[in-house]
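*Asks:* Sharing data_6.tsv (TSV, C-alpha atoms and all ligand atoms) below.
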```tsv
chain	number	residue	atom	x	y	z
A	233	MET	CA	-109.71	-20.42	-28.04
A	234	ASP	CA	-107.02	-17.79	-28.51
A	235	LEU	CA	-104.10	-18.61	-26.23
A	236	GLU	CA	-102.77	-15.06	-26.66
A	237	LEU	CA	-99.23	-16.35	-27.03
A	238	ARG	CA	-98.41	-13.98	-29.91
A	239	GLY	CA	-95.39	-11.89	-28.96
A	240	ARG	CA	-94.87	-13.72	-25.65
A	241	ARG	CA	-91.19	-14.02	-24.72
A	242	VAL	CA	-90.43	-17.67	-24.13
A	243	ILE	CA	-87.36	-19.65	-23.07
A	244	VAL	CA	-87.42	-23.40	-23.75
A	245	THR	CA	-84.54	-25.30	-22.18
A	246	GLY	CA	-83.73	-28.56	-23.93
A	247	GLY	CA	-85.50	-27.16	-26.99
A	248	ALA	CA	-83.10	-28.76	-29.46
A	249	SER	CA	-84.49	-32.29	-29.33
A	250	ASN	CA	-87.61	-34.47	-29.31
A	251	ILE	CA	-90.22	-33.06	-26.85
A	252	GLY	CA	-88.46	-29.70	-26.39
A	253	ARG	CA	-88.20	-29.27	-30.15
A	254	ALA	CA	-91.93	-29.90	-30.57
A	255	ILE	CA	-92.66	-27.32	-27.85
A	256	VAL	CA	-90.44	-24.74	-29.58
A	257	LEU	CA	-92.22	-25.31	-32.89
A	258	GLY	CA	-95.58	-25.12	-31.12
A	259	PHE	CA	-94.77	-21.72	-29.59
A	260	ALA	CA	-93.36	-20.45	-32.89
A	261	ALA	CA	-96.58	-21.47	-34.67
A	262	GLU	CA	-98.53	-19.39	-32.11
A	263	GLY	CA	-96.40	-16.34	-32.90
A	264	ALA	CA	-94.40	-16.38	-29.67
A	265	ARG	CA	-90.79	-15.14	-29.58
A	266	VAL	CA	-88.71	-18.11	-28.53
A	267	MET	CA	-85.20	-18.65	-27.22
A	268	ILE	CA	-83.86	-22.20	-27.24
A	269	ALA	CA	-81.51	-22.69	-24.28
A	270	ASP	CA	-79.70	-25.95	-24.93
A	271	ILE	CA	-76.22	-27.35	-24.52
A	272	ASP	CA	-76.32	-28.67	-28.11
A	273	GLU	CA	-76.00	-25.48	-30.11
A	274	PRO	CA	-75.83	-27.00	-33.64
A	275	GLN	CA	-79.00	-29.02	-33.07
A	276	ALA	CA	-80.70	-25.97	-31.50
A	277	ARG	CA	-79.82	-23.94	-34.61
A	278	ALA	CA	-81.31	-26.66	-36.82
A	279	VAL	CA	-84.58	-26.45	-34.87
A	280	ALA	CA	-84.51	-22.64	-35.02
A	281	ALA	CA	-84.18	-22.86	-38.79
A	282	GLU	CA	-87.36	-24.95	-39.07
A	283	GLY	CA	-89.25	-22.80	-36.56
A	284	GLY	CA	-90.74	-20.30	-38.97
A	285	GLY	CA	-91.18	-17.40	-36.52
A	286	GLU	CA	-88.61	-15.74	-34.26
A	287	VAL	CA	-86.55	-18.52	-32.70
A	288	LEU	CA	-83.24	-17.53	-31.11
A	289	VAL	CA	-80.57	-19.84	-29.71
A	290	HIS	CA	-78.48	-19.37	-26.60
A	291	ARG	CA	-76.05	-22.16	-25.77
A	292	THR	CA	-76.78	-22.96	-22.13
A	293	ASP	CA	-75.70	-25.60	-19.66
A	294	VAL	CA	-78.61	-25.74	-17.22
A	295	THR	CA	-76.41	-27.38	-14.58
A	296	ASP	CA	-74.06	-24.37	-14.51
A	297	TRP	CA	-75.37	-21.33	-12.63
A	298	THR	CA	-73.07	-18.92	-14.50
A	299	SER	CA	-74.27	-20.25	-17.84
A	300	VAL	CA	-77.91	-20.01	-16.72
A	301	GLN	CA	-77.48	-16.42	-15.54
A	302	ALA	CA	-76.01	-15.61	-18.95
A	303	MET	CA	-79.08	-17.24	-20.54
A	304	ALA	CA	-81.43	-15.01	-18.54
A	305	ALA	CA	-79.36	-11.93	-19.40
A	306	ALA	CA	-79.42	-12.85	-23.10
A	307	ALA	CA	-83.21	-13.23	-22.98
A	308	THR	CA	-83.53	-9.82	-21.34
A	309	ALA	CA	-81.21	-8.24	-23.92
A	310	GLN	CA	-82.64	-9.96	-26.99
A	311	LEU	CA	-86.30	-10.49	-26.11
A	312	GLY	CA	-86.74	-7.65	-23.62
A	313	GLY	CA	-87.64	-9.99	-20.76
A	314	VAL	CA	-89.17	-13.40	-20.09
A	315	ASP	CA	-92.89	-14.18	-19.89
A	316	VAL	CA	-92.59	-17.96	-20.05
A	317	LEU	CA	-89.98	-20.50	-19.03
A	318	VAL	CA	-90.35	-24.11	-20.10
A	319	ASN	CA	-87.91	-26.35	-18.25
A	320	GLY	CA	-87.51	-29.10	-20.81
A	321	ALA	CA	-83.86	-30.13	-20.49
A	322	GLY	CA	-83.57	-33.57	-18.96
A	323	TRP	CA	-81.46	-36.69	-18.98
A	324	THR	CA	-81.64	-40.28	-17.82
A	325	ILE	CA	-80.54	-43.76	-18.66
A	326	ASP	CA	-82.59	-46.80	-17.68
A	327	ARG	CA	-80.73	-49.11	-15.31
A	328	LEU	CA	-81.56	-50.99	-12.15
A	329	PHE	CA	-80.67	-49.00	-9.03
A	330	LEU	CA	-78.09	-51.57	-7.94
A	331	ASP	CA	-76.44	-51.57	-11.38
A	332	LYS	CA	-76.21	-47.87	-11.86
A	333	PRO	CA	-72.92	-46.03	-11.37
A	334	ARG	CA	-72.92	-42.94	-9.16
A	335	HIS	CA	-71.87	-40.60	-11.99
A	336	GLU	CA	-75.14	-41.40	-13.79
A	337	TRP	CA	-77.18	-40.56	-10.69
A	338	GLU	CA	-75.24	-37.34	-10.34
A	339	ARG	CA	-75.88	-36.41	-13.96
A	340	GLU	CA	-79.61	-37.07	-13.52
A	341	ILE	CA	-79.80	-34.89	-10.42
A	342	ALA	CA	-77.64	-32.17	-12.01
A	343	ILE	CA	-79.69	-31.86	-15.20
A	344	ASP	CA	-83.19	-32.85	-14.06
A	345	LEU	CA	-83.30	-31.17	-10.64
A	346	TRP	CA	-80.51	-28.59	-10.48
A	347	GLY	CA	-81.26	-27.55	-14.08
A	348	PHE	CA	-84.87	-26.83	-13.09
A	349	ILE	CA	-83.80	-24.96	-9.92
A	350	ASN	CA	-81.16	-22.87	-11.71
A	351	CYS	CA	-83.34	-21.83	-14.64
A	352	THR	CA	-86.39	-21.10	-12.50
A	353	ARG	CA	-84.35	-19.03	-10.07
A	354	ALA	CA	-82.74	-17.08	-12.91
A	355	VAL	CA	-86.02	-15.83	-14.41
A	356	LEU	CA	-88.32	-15.69	-11.40
A	357	GLU	CA	-87.26	-12.32	-10.03
A	358	GLY	CA	-88.03	-10.65	-13.36
A	359	MET	CA	-91.44	-12.33	-13.49
A	360	VAL	CA	-92.25	-11.20	-9.95
A	361	ALA	CA	-91.15	-7.64	-10.79
A	362	GLN	CA	-93.38	-7.52	-13.90
A	363	GLY	CA	-96.30	-9.08	-12.00
A	364	SER	CA	-96.77	-12.01	-14.39
A	365	GLY	CA	-95.07	-15.15	-15.57
A	366	ARG	CA	-95.47	-18.79	-16.40
A	367	VAL	CA	-93.10	-21.62	-15.54
A	368	VAL	CA	-94.00	-25.00	-16.95
A	369	SER	CA	-91.59	-27.82	-16.25
A	370	ILE	CA	-91.46	-31.14	-18.01
A	371	GLY	CA	-91.62	-33.70	-15.23
A	372	SER	CA	-92.32	-37.35	-15.82
A	373	ASP	CA	-94.81	-39.95	-14.76
A	374	ALA	CA	-91.72	-41.53	-13.17
A	375	GLY	CA	-91.75	-38.64	-10.71
A	376	ARG	CA	-95.38	-39.38	-9.78
A	377	VAL	CA	-95.31	-43.14	-9.30
A	378	GLY	CA	-91.64	-44.16	-9.22
A	379	GLU	CA	-90.51	-46.04	-12.30
A	380	TRP	CA	-88.63	-49.32	-12.49
A	381	ARG	CA	-85.00	-48.77	-13.62
A	382	GLU	CA	-85.47	-45.02	-13.08
A	383	ALA	CA	-84.99	-44.65	-9.32
A	384	VAL	CA	-82.93	-41.49	-9.01
A	385	TYR	CA	-84.51	-39.92	-12.10
A	386	SER	CA	-87.91	-40.56	-10.46
A	387	GLY	CA	-86.65	-38.79	-7.35
A	388	ALA	CA	-85.32	-35.84	-9.32
A	389	LYS	CA	-88.62	-35.43	-11.20
A	390	ALA	CA	-90.58	-35.77	-7.95
A	391	GLY	CA	-88.36	-32.93	-6.73
A	392	VAL	CA	-89.37	-30.82	-9.72
A	393	ILE	CA	-93.04	-31.46	-8.91
A	394	ALA	CA	-92.80	-30.66	-5.19
A	395	THR	CA	-90.49	-27.67	-5.65
A	396	SER	CA	-92.84	-26.23	-8.29
A	397	LYS	CA	-95.74	-26.46	-5.85
A	398	ALA	CA	-93.73	-24.81	-3.08
A	399	ILE	CA	-92.57	-21.92	-5.27
A	400	ALA	CA	-96.11	-21.59	-6.69
A	401	ARG	CA	-97.34	-20.84	-3.16
A	402	GLU	CA	-94.69	-18.14	-2.75
A	403	VAL	CA	-95.14	-16.26	-6.04
A	404	GLY	CA	-98.85	-16.69	-6.81
A	405	ARG	CA	-99.59	-13.28	-5.31
A	406	HIS	CA	-97.36	-11.76	-8.01
A	407	GLY	CA	-99.28	-13.33	-10.89
A	408	VAL	CA	-96.64	-16.01	-11.51
A	409	THR	CA	-97.73	-19.62	-11.95
A	410	LEU	CA	-95.75	-22.86	-11.92
A	411	ASN	CA	-97.10	-26.14	-13.24
A	412	VAL	CA	-95.64	-29.47	-14.31
A	413	VAL	CA	-96.50	-31.55	-17.37
A	414	CYS	CA	-95.59	-35.23	-17.10
A	415	PRO	CA	-95.11	-37.19	-20.30
A	416	GLY	CA	-95.09	-40.96	-20.31
A	417	PHE	CA	-92.85	-42.72	-22.76
A	418	VAL	CA	-92.01	-40.57	-25.80
A	419	PRO	CA	-89.22	-42.22	-27.77
A	420	GLY	CA	-87.02	-39.87	-29.77
A	421	LEU	CA	-86.43	-40.36	-33.47
A	422	PRO	CA	-82.90	-40.05	-34.91
A	423	GLU	CA	-83.94	-37.10	-37.11
A	424	THR	CA	-85.34	-35.06	-34.21
A	425	SER	CA	-82.89	-36.04	-31.45
A	426	GLY	CA	-79.62	-34.21	-30.89
A	427	ALA	CA	-76.20	-35.59	-29.97
A	428	GLU	CA	-76.81	-34.87	-26.26
A	429	SER	CA	-80.26	-36.44	-26.39
A	430	ILE	CA	-81.34	-39.28	-24.13
A	431	TRP	CA	-82.11	-41.12	-27.36
A	432	ALA	CA	-78.77	-40.67	-29.08
A	433	GLY	CA	-76.82	-43.57	-27.60
A	434	GLU	CA	-77.26	-46.67	-25.51
A	435	GLN	CA	-80.63	-45.52	-24.17
A	436	GLY	CA	-82.16	-45.17	-27.64
A	437	ALA	CA	-80.68	-48.42	-28.89
A	438	GLN	CA	-82.39	-50.55	-26.24
A	439	PHE	CA	-85.86	-49.55	-27.46
A	440	THR	CA	-86.21	-51.76	-30.51
A	441	PRO	CA	-89.57	-51.92	-32.34
A	442	ALA	CA	-90.39	-55.14	-30.45
A	443	VAL	CA	-89.71	-53.47	-27.08
A	444	LEU	CA	-91.75	-50.41	-28.07
A	445	GLU	CA	-94.67	-52.64	-29.00
A	446	ARG	CA	-94.51	-54.29	-25.59
A	447	VAL	CA	-94.31	-50.93	-23.80
A	448	ALA	CA	-97.35	-49.67	-25.73
A	449	ARG	CA	-99.45	-52.45	-24.23
A	450	ALA	CA	-99.01	-50.89	-20.78
A	451	TYR	CA	-100.82	-47.76	-21.99
A	452	PRO	CA	-104.64	-47.64	-21.93
A	453	LEU	CA	-104.53	-45.71	-25.22
A	454	ARG	CA	-102.32	-48.52	-26.60
A	455	ARG	CA	-99.53	-46.46	-28.02
A	456	VAL	CA	-96.48	-44.67	-26.70
A	457	GLY	CA	-96.37	-40.89	-26.85
A	458	ARG	CA	-95.30	-38.60	-29.64
A	459	PRO	CA	-93.59	-35.26	-28.93
A	460	GLU	CA	-96.60	-33.43	-30.42
A	461	ASP	CA	-98.88	-35.04	-27.81
A	462	VAL	CA	-97.20	-33.01	-25.07
A	463	VAL	CA	-97.36	-29.62	-26.80
A	464	PRO	CA	-101.02	-28.52	-26.34
A	465	ALA	CA	-100.94	-29.00	-22.55
A	466	VAL	CA	-97.71	-27.00	-22.30
A	467	LEU	CA	-98.99	-24.16	-24.50
A	468	PHE	CA	-102.25	-23.98	-22.57
A	469	LEU	CA	-100.55	-23.84	-19.14
A	470	CYS	CA	-98.21	-21.13	-20.47
A	471	SER	CA	-101.11	-19.06	-21.77
A	472	ALA	CA	-103.29	-16.30	-20.40
A	473	ARG	CA	-106.14	-18.84	-20.38
A	474	ALA	CA	-104.46	-20.73	-17.52
A	475	ALA	CA	-104.17	-17.71	-15.20
A	476	TYR	CA	-106.05	-19.46	-12.40
A	477	ILE	CA	-104.11	-22.74	-12.50
A	478	THR	CA	-100.96	-23.11	-10.43
A	479	GLY	CA	-99.07	-25.80	-8.53
A	480	GLN	CA	-100.64	-28.53	-10.66
A	481	THR	CA	-99.21	-31.67	-12.21
A	482	LEU	CA	-100.74	-32.93	-15.43
A	483	SER	CA	-99.88	-36.28	-16.95
A	484	VAL	CA	-99.97	-36.41	-20.72
A	485	SER	CA	-99.23	-40.07	-21.03
A	486	GLY	CA	-102.05	-42.00	-22.66
A	487	GLY	CA	-103.43	-42.92	-19.25
A	488	TYR	CA	-100.24	-44.62	-18.07
A	489	THR	CA	-100.78	-43.07	-14.64
A	490	MET	CA	-104.16	-41.91	-13.32
A	491	LEU	CA	-103.63	-39.91	-10.15
A	501	LIG	N1	-89.03	-38.87	-23.84
A	501	LIG	C1	-89.61	-39.46	-22.79
A	501	LIG	O1	-89.98	-40.64	-22.82
A	501	LIG	C2	-89.85	-38.67	-21.56
A	501	LIG	C3	-90.76	-39.16	-20.61
A	501	LIG	C4	-91.00	-38.43	-19.47
A	501	LIG	C5	-90.35	-37.23	-19.28
A	501	LIG	N2	-89.46	-36.78	-20.20
A	501	LIG	C6	-88.80	-35.51	-19.96
A	501	LIG	O2	-89.08	-34.65	-21.04
A	501	LIG	C7	-87.96	-33.80	-21.29
A	501	LIG	C8	-87.53	-33.95	-22.74
A	501	LIG	O3	-87.28	-35.33	-23.04
A	501	LIG	P1	-86.77	-35.73	-24.48
A	501	LIG	O4	-87.11	-37.15	-24.73
A	501	LIG	O5	-87.18	-34.70	-25.46
A	501	LIG	O6	-85.19	-35.64	-24.22
A	501	LIG	P2	-83.97	-35.40	-25.23
A	501	LIG	O7	-82.81	-36.03	-24.57
A	501	LIG	O8	-84.33	-35.81	-26.61
A	501	LIG	O9	-83.80	-33.83	-25.20
A	501	LIG	C9	-83.24	-33.19	-24.08
A	501	LIG	C10	-82.54	-31.93	-24.52
A	501	LIG	O10	-81.86	-31.39	-23.37
A	501	LIG	C11	-80.58	-30.96	-23.77
A	501	LIG	N3	-79.67	-30.98	-22.62
A	501	LIG	C12	-79.10	-32.07	-22.03
A	501	LIG	N4	-78.29	-31.68	-21.06
A	501	LIG	C13	-78.37	-30.32	-21.00
A	501	LIG	C14	-77.77	-29.33	-20.19
A	501	LIG	N5	-76.91	-29.66	-19.20
A	501	LIG	N6	-78.07	-28.03	-20.41
A	501	LIG	C15	-78.93	-27.69	-21.40
A	501	LIG	N7	-79.52	-28.58	-22.21
A	501	LIG	C16	-79.24	-29.88	-22.01
A	501	LIG	C17	-80.15	-31.93	-24.86
A	501	LIG	O11	-79.14	-31.38	-25.69
A	501	LIG	C18	-81.48	-32.15	-25.59
A	501	LIG	O12	-81.63	-31.20	-26.63
A	501	LIG	C19	-86.90	-34.21	-20.27
A	501	LIG	O13	-86.99	-33.38	-19.15
A	501	LIG	C20	-87.29	-35.61	-19.92
A	501	LIG	O14	-86.82	-35.98	-18.65
A	501	LIG	C21	-89.20	-37.46	-21.33
```
Starting from the coordinates I provided, produce the structure as structure tokens.
Ligand SMILES: NC(=O)c1ccc[n+]([C@@H]2O[C@H](COP(=O)([O-])OP(=O)(O)OC[C@H]3O[C@@H](n4cnc5c(N)ncnc54)[C@H](O)[C@@H]3O)[C@@H](O)[C@H]2O)c1
*Replies:*
Amino acid sequence: MDLELRGRRVIVTGGASNIGRAIVLGFAAEGARVMIADIDEPQARAVAAEGGGEVLVHRTDVTDWTSVQAMAAAATAQLGGVDVLVNGAGWTIDRLFLDKPRHEWEREIAIDLWGFINCTRAVLEGMVAQGSGRVVSIGSDAGRVGEWREAVYSGAKAGVIATSKAIAREVGRHGVTLNVVCPGFVPGLPETSGAESIWAGEQGAQFTPAVLERVARAYPLRRVGRPEDVVPAVLFLCSARAAYITGQTLSVSGGYTML
């Protein structure tokens, strides 16, 4: 099946690390023209260098509306417009609700929910005007079922899911689709995770091999996810082949949730 992604103009937020990186490389392999919009510019440049095809970098803070508007303007100037937005930037740290300081909740809402709202808003008008567009956001199974030690993150990701559906109803008539792909647990590796990555600090350190083995037992397919597992679903939903699919939420999580 030809996904017809060759030459498509794609922005991937959070494309410097782990899942986002794999998505960038997946688009590049399909011949798409990609812009990584990430706060970690050096790591984004490292990914661009391994991308093979046309992979540009625009340092972007998805929580900052001015920065996001500059991202959209850069994509218009350098790519000639935007056909696809992948909202991949995200952040969390696992802690019980009662133990978690407010600034961590605020960071989760700022990056996971406001980041999605800002970036979607910034490119949507152009997509409506051109009569086509794809927005695929990386949600989380946490946003579908509510995850232990991930209360506010779960809420933010549930917000991404519901807001995507609502916007999908508004812009479907203009040929623009919005869908959400929900990974399960996809631990980052040091060599593919940037300094701003969820996996760089305390969060990564708590997932020792013994813990990962225990987590894997909760998955019907008996392993945790790899970044590459998420890529085919994202590419498909961003493609011409998915023109009649909108407002949907797809878990790519080894059967962790079955909704
Ligand atoms: N890895 C998992 O287990 C998992 C599970 C479910 C959902 N997700 C979601 O998938 C997405 C990617 O996860 P990951 O494991 O690759 O994360 P990651 O932390 O490895 O990568 C996230 C990227 O976002 C960038 N970023 C952080 N703050 C930013 C900001 N303000 N502006 C722009 N970029 C910013 C980081 O620099 C990094 O490159 C996230 O949305 C995450 O919530 C991940």
*Asks:* Figure out the distance between CA of Val484 (chain A) and CA of Val466 (chain A), please, to one decimal in Å.
*Replies:*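 Atom-to-atom, CA of Val466 (chain A) and CA of Val484 (chain A) are spaced 9.8 Å apart.
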*Asks:* Mind dumping a table of every chain A residue within 7 Å of ligand LIG 501 (chain A), with the nearest atom pair and its distance in Å to one decimal, using all atoms listed in the file, sorted by chain and rising number, as JSON lines?
*Replies:*
```
{"residue": "A:Thr245", "atom": "CA", "partner": "A:LIG501", "partner_atom": "N7", "distance": 6.0}
{"residue": "A:Gly246", "atom": "CA", "partner": "A:LIG501", "partner_atom": "O10", "distance": 3.4}
{"residue": "A:Gly247", "atom": "CA", "partner": "A:LIG501", "partner_atom": "O12", "distance": 5.6}
{"residue": "A:Ala248", "atom": "CA", "partner": "A:LIG501", "partner_atom": "O12", "distance": 4.0}
{"residue": "A:Ser249", "atom": "CA", "partner": "A:LIG501", "partner_atom": "O12", "distance": 4.1}
{"residue": "A:Asn250", "atom": "CA", "partner": "A:LIG501", "partner_atom": "O5", "distance": 3.9}
{"residue": "A:Ile251", "atom": "CA", "partner": "A:LIG501", "partner_atom": "O5", "distance": 3.7}
{"residue": "A:Gly252", "atom": "CA", "partner": "A:LIG501", "partner_atom": "O5", "distance": 5.2}
{"residue": "A:Ala269", "atom": "CA", "partner": "A:LIG501", "partner_atom": "C15", "distance": 6.3}
{"residue": "A:Asp270", "atom": "CA", "partner": "A:LIG501", "partner_atom": "N7", "distance": 3.8}
{"residue": "A:Ile271", "atom": "CA", "partner": "A:LIG501", "partner_atom": "C15", "distance": 4.1}
{"residue": "A:Asp272", "atom": "CA", "partner": "A:LIG501", "partner_atom": "O11", "distance": 4.6}
{"residue": "A:Thr292", "atom": "CA", "partner": "A:LIG501", "partner_atom": "C15", "distance": 5.2}
{"residue": "A:Asp293", "atom": "CA", "partner": "A:LIG501", "partner_atom": "N6", "distance": 3.5}
{"residue": "A:Val294", "atom": "CA", "partner": "A:LIG501", "partner_atom": "N6", "distance": 4.0}
{"residue": "A:Thr295", "atom": "CA", "partner": "A:LIG501", "partner_atom": "N5", "distance": 5.2}
{"residue": "A:Gly320", "atom": "CA", "partner": "A:LIG501", "partner_atom": "O13", "distance": 4.6}
{"residue": "A:Ala321", "atom": "CA", "partner": "A:LIG501", "partner_atom": "O10", "distance": 3.7}
{"residue": "A:Gly322", "atom": "CA", "partner": "A:LIG501", "partner_atom": "O13", "distance": 3.4}
{"residue": "A:Trp323", "atom": "CA", "partner": "A:LIG501", "partner_atom": "O14", "distance": 5.4}
{"residue": "A:Thr324", "atom": "CA", "partner": "A:LIG501", "partner_atom": "O14", "distance": 6.8}
{"residue": "A:Ile343", "atom": "CA", "partner": "A:LIG501", "partner_atom": "N5", "distance": 5.3}
{"residue": "A:Asp344", "atom": "CA", "partner": "A:LIG501", "partner_atom": "O13", "distance": 6.4}
{"residue": "A:Ile370", "atom": "CA", "partner": "A:LIG501", "partner_atom": "O13", "distance": 5.1}
{"residue": "A:Gly371", "atom": "CA", "partner": "A:LIG501", "partner_atom": "C5", "distance": 5.5}
{"residue": "A:Ser372", "atom": "CA", "partner": "A:LIG501", "partner_atom": "C5", "distance": 4.0}
{"residue": "A:Asp373", "atom": "CA", "partner": "A:LIG501", "partner_atom": "C4", "distance": 6.2}
{"residue": "A:Cys414", "atom": "CA", "partner": "A:LIG501", "partner_atom": "C5", "distance": 6.0}
{"residue": "A:Pro415", "atom": "CA", "partner": "A:LIG501", "partner_atom": "C4", "distance": 4.4}
{"residue": "A:Gly416", "atom": "CA", "partner": "A:LIG501", "partner_atom": "C3", "distance": 4.7}
{"residue": "A:Phe417", "atom": "CA", "partner": "A:LIG501", "partner_atom": "O1", "distance": 3.5}
{"residue": "A:Val418", "atom": "CA", "partner": "A:LIG501", "partner_atom": "O1", "distance": 3.6}
{"residue": "A:Pro419", "atom": "CA", "partner": "A:LIG501", "partner_atom": "N1", "distance": 5.2}
{"residue": "A:Gly420", "atom": "CA", "partner": "A:LIG501", "partner_atom": "O4", "distance": 5.7}
{"residue": "A:Ser425", "atom": "CA", "partner": "A:LIG501", "partner_atom": "O8", "distance": 5.1}
{"residue": "A:Gly426", "atom": "CA", "partner": "A:LIG501", "partner_atom": "O12", "distance": 5.6}
{"residue": "A:Ala427", "atom": "CA", "partner": "A:LIG501", "partner_atom": "O11", "distance": 6.7}
{"residue": "A:Glu428", "atom": "CA", "partner": "A:LIG501", "partner_atom": "O11", "distance": 4.2}
{"residue": "A:Ser429", "atom": "CA", "partner": "A:LIG501", "partner_atom": "O7", "distance": 3.2}
{"residue": "A:Ile430", "atom": "CA", "partner": "A:LIG501", "partner_atom": "O7", "distance": 3.6}
{"residue": "A:Trp431", "atom": "CA", "partner": "A:LIG501", "partner_atom": "O8", "distance": 5.8}
```
*Asks:* Between CA of His335 (chain A) and CA of Gln435 (chain A), what is the spacing in Å?
*Replies:*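 Interatomic distance here is 15.8 Å.
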*Asks:* Residues around (-100.5, -28.0, -9.6), cut-off 12 Å, counting all atoms listed in the file - what are they as an MDAnalysis selection string?
*Replies:* chainID A and resid 367:369 371 392:401 404 409:414 469 474 476:483
*Asks:* Between A:Ala302, A:Ala361, A:Val408, A:Ile243, which has the minimum distance to Val287 (chain A) (counting all atoms listed in the file)?
*Replies:*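 Closest residue, counting all atoms listed in the file: A:Ile243.
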*Asks:* Give me the residues within 10 Å of Gly263 (chain A) as JSON, numbers by chain, counting all atoms listed in the file and dropping any in the same chain fewer than 6 places off.
*Replies:* {"A": [236, 237, 238, 239, 240, 241, 257, 284, 285, 286]}
*Asks:* For C-alpha atoms, I'd like the residues from the last selection saved as a PDB file, keeping the file's coordinate frame.
*Replies:*
```pdb
ATOM      1  CA  GLU A 236    -102.770 -15.060 -26.660  1.00  0.00           C
ATOM      2  CA  LEU A 237     -99.230 -16.350 -27.030  1.00  0.00           C
ATOM      3  CA  ARG A 238     -98.410 -13.980 -29.910  1.00  0.00           C
ATOM      4  CA  GLY A 239     -95.390 -11.890 -28.960  1.00  0.00           C
ATOM      5  CA  ARG A 240     -94.870 -13.720 -25.650  1.00  0.00           C
ATOM      6  CA  ARG A 241     -91.190 -14.020 -24.720  1.00  0.00           C
ATOM      7  CA  LEU A 257     -92.220 -25.310 -32.890  1.00  0.00           C
ATOM      8  CA  GLY A 284     -90.740 -20.300 -38.970  1.00  0.00           C
ATOM      9  CA  GLY A 285     -91.180 -17.400 -36.520  1.00  0.00           C
ATOM     10  CA  GLU A 286     -88.610 -15.740 -34.260  1.00  0.00           C
TER      11      GLU A 286
END
```
*Asks:* Go through A:Ile349, A:Leu288, A:Ser485, A:Glu273 and flag the residue nearest Asp461 (chain A), using all atoms listed in the file for the distances.
*Replies:*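 Closest to Asp461 (chain A), using all atoms listed in the file: A:Ser485.
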*Asks:* Show me the residues around (-77.2, -45.9, -22.1) - criterion: an atom at most 8 Å away, all atoms listed in the file counted - as number ranges by chain.
*Replies:* A: 325-326, 433-436
*Asks:* What is the distance between CA of Val462 (chain A) and CA of Glu382 (chain A), in Å to one decimal?
*Replies:* 20.6 Å
*Asks:* Leaving out Arg327 (chain A) and any residue of its chain fewer than 4 positions from it, which residues lie within 7 Å of it when counting all atoms listed in the file, given as a ChimeraX atom specification?
*Replies:* /A:331-332,381-382
*Asks:* Excluding Arg454 (chain A) and any residue of its chain fewer than 6 positions from it, enumerate the residues within 10 Å of it, using only C-alpha atoms, and give them as a compact mmCIF listing (two decimals) with C-alpha atoms, in the coordinates of the input.
*Replies:*
```txt
# COMPACT_ATOMS: atom_id res chain seq x y z
CA GLU A 445 -94.67 -52.64 -29.00
CA ARG A 446 -94.51 -54.29 -25.59
CA VAL A 447 -94.31 -50.93 -23.80
CA ALA A 448 -97.35 -49.67 -25.73
CA GLY A 486 -102.05 -42.00 -22.66
CA GLY A 487 -103.43 -42.92 -19.25
CA TYR A 488 -100.24 -44.62 -18.07
```
*Asks:* Pick the closest to Met490 (chain A) from A:Met303, A:Leu330, A:Ala475, A:Tyr451: which is it, counting all atoms listed in the file?
*Replies:* A:Tyr451
*Asks:* With distances taken over all atoms listed in the file, which residue among A:Gly407, A:Ala305, A:Pro422, A:Leu317 lies nearest Ile268 (chain A)?
*Replies:*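 Once distances to Ile268 (chain A) are computed over all atoms listed in the file, the minimum belongs to A:Leu317.
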*Asks:* Which residues, written as a list in words, have at least one atom at most 12 Å from Gly312 (chain A), with all atoms listed in the file counted and residues fewer than 4 positions away on the same chain left out?
*Replies:* Gly239, Arg240, Arg241, Val242, Arg265, Val266, Met267, Ala304, Ala305, Ala306, Ala307, Thr308, Gly358 and Gln362 of chain A
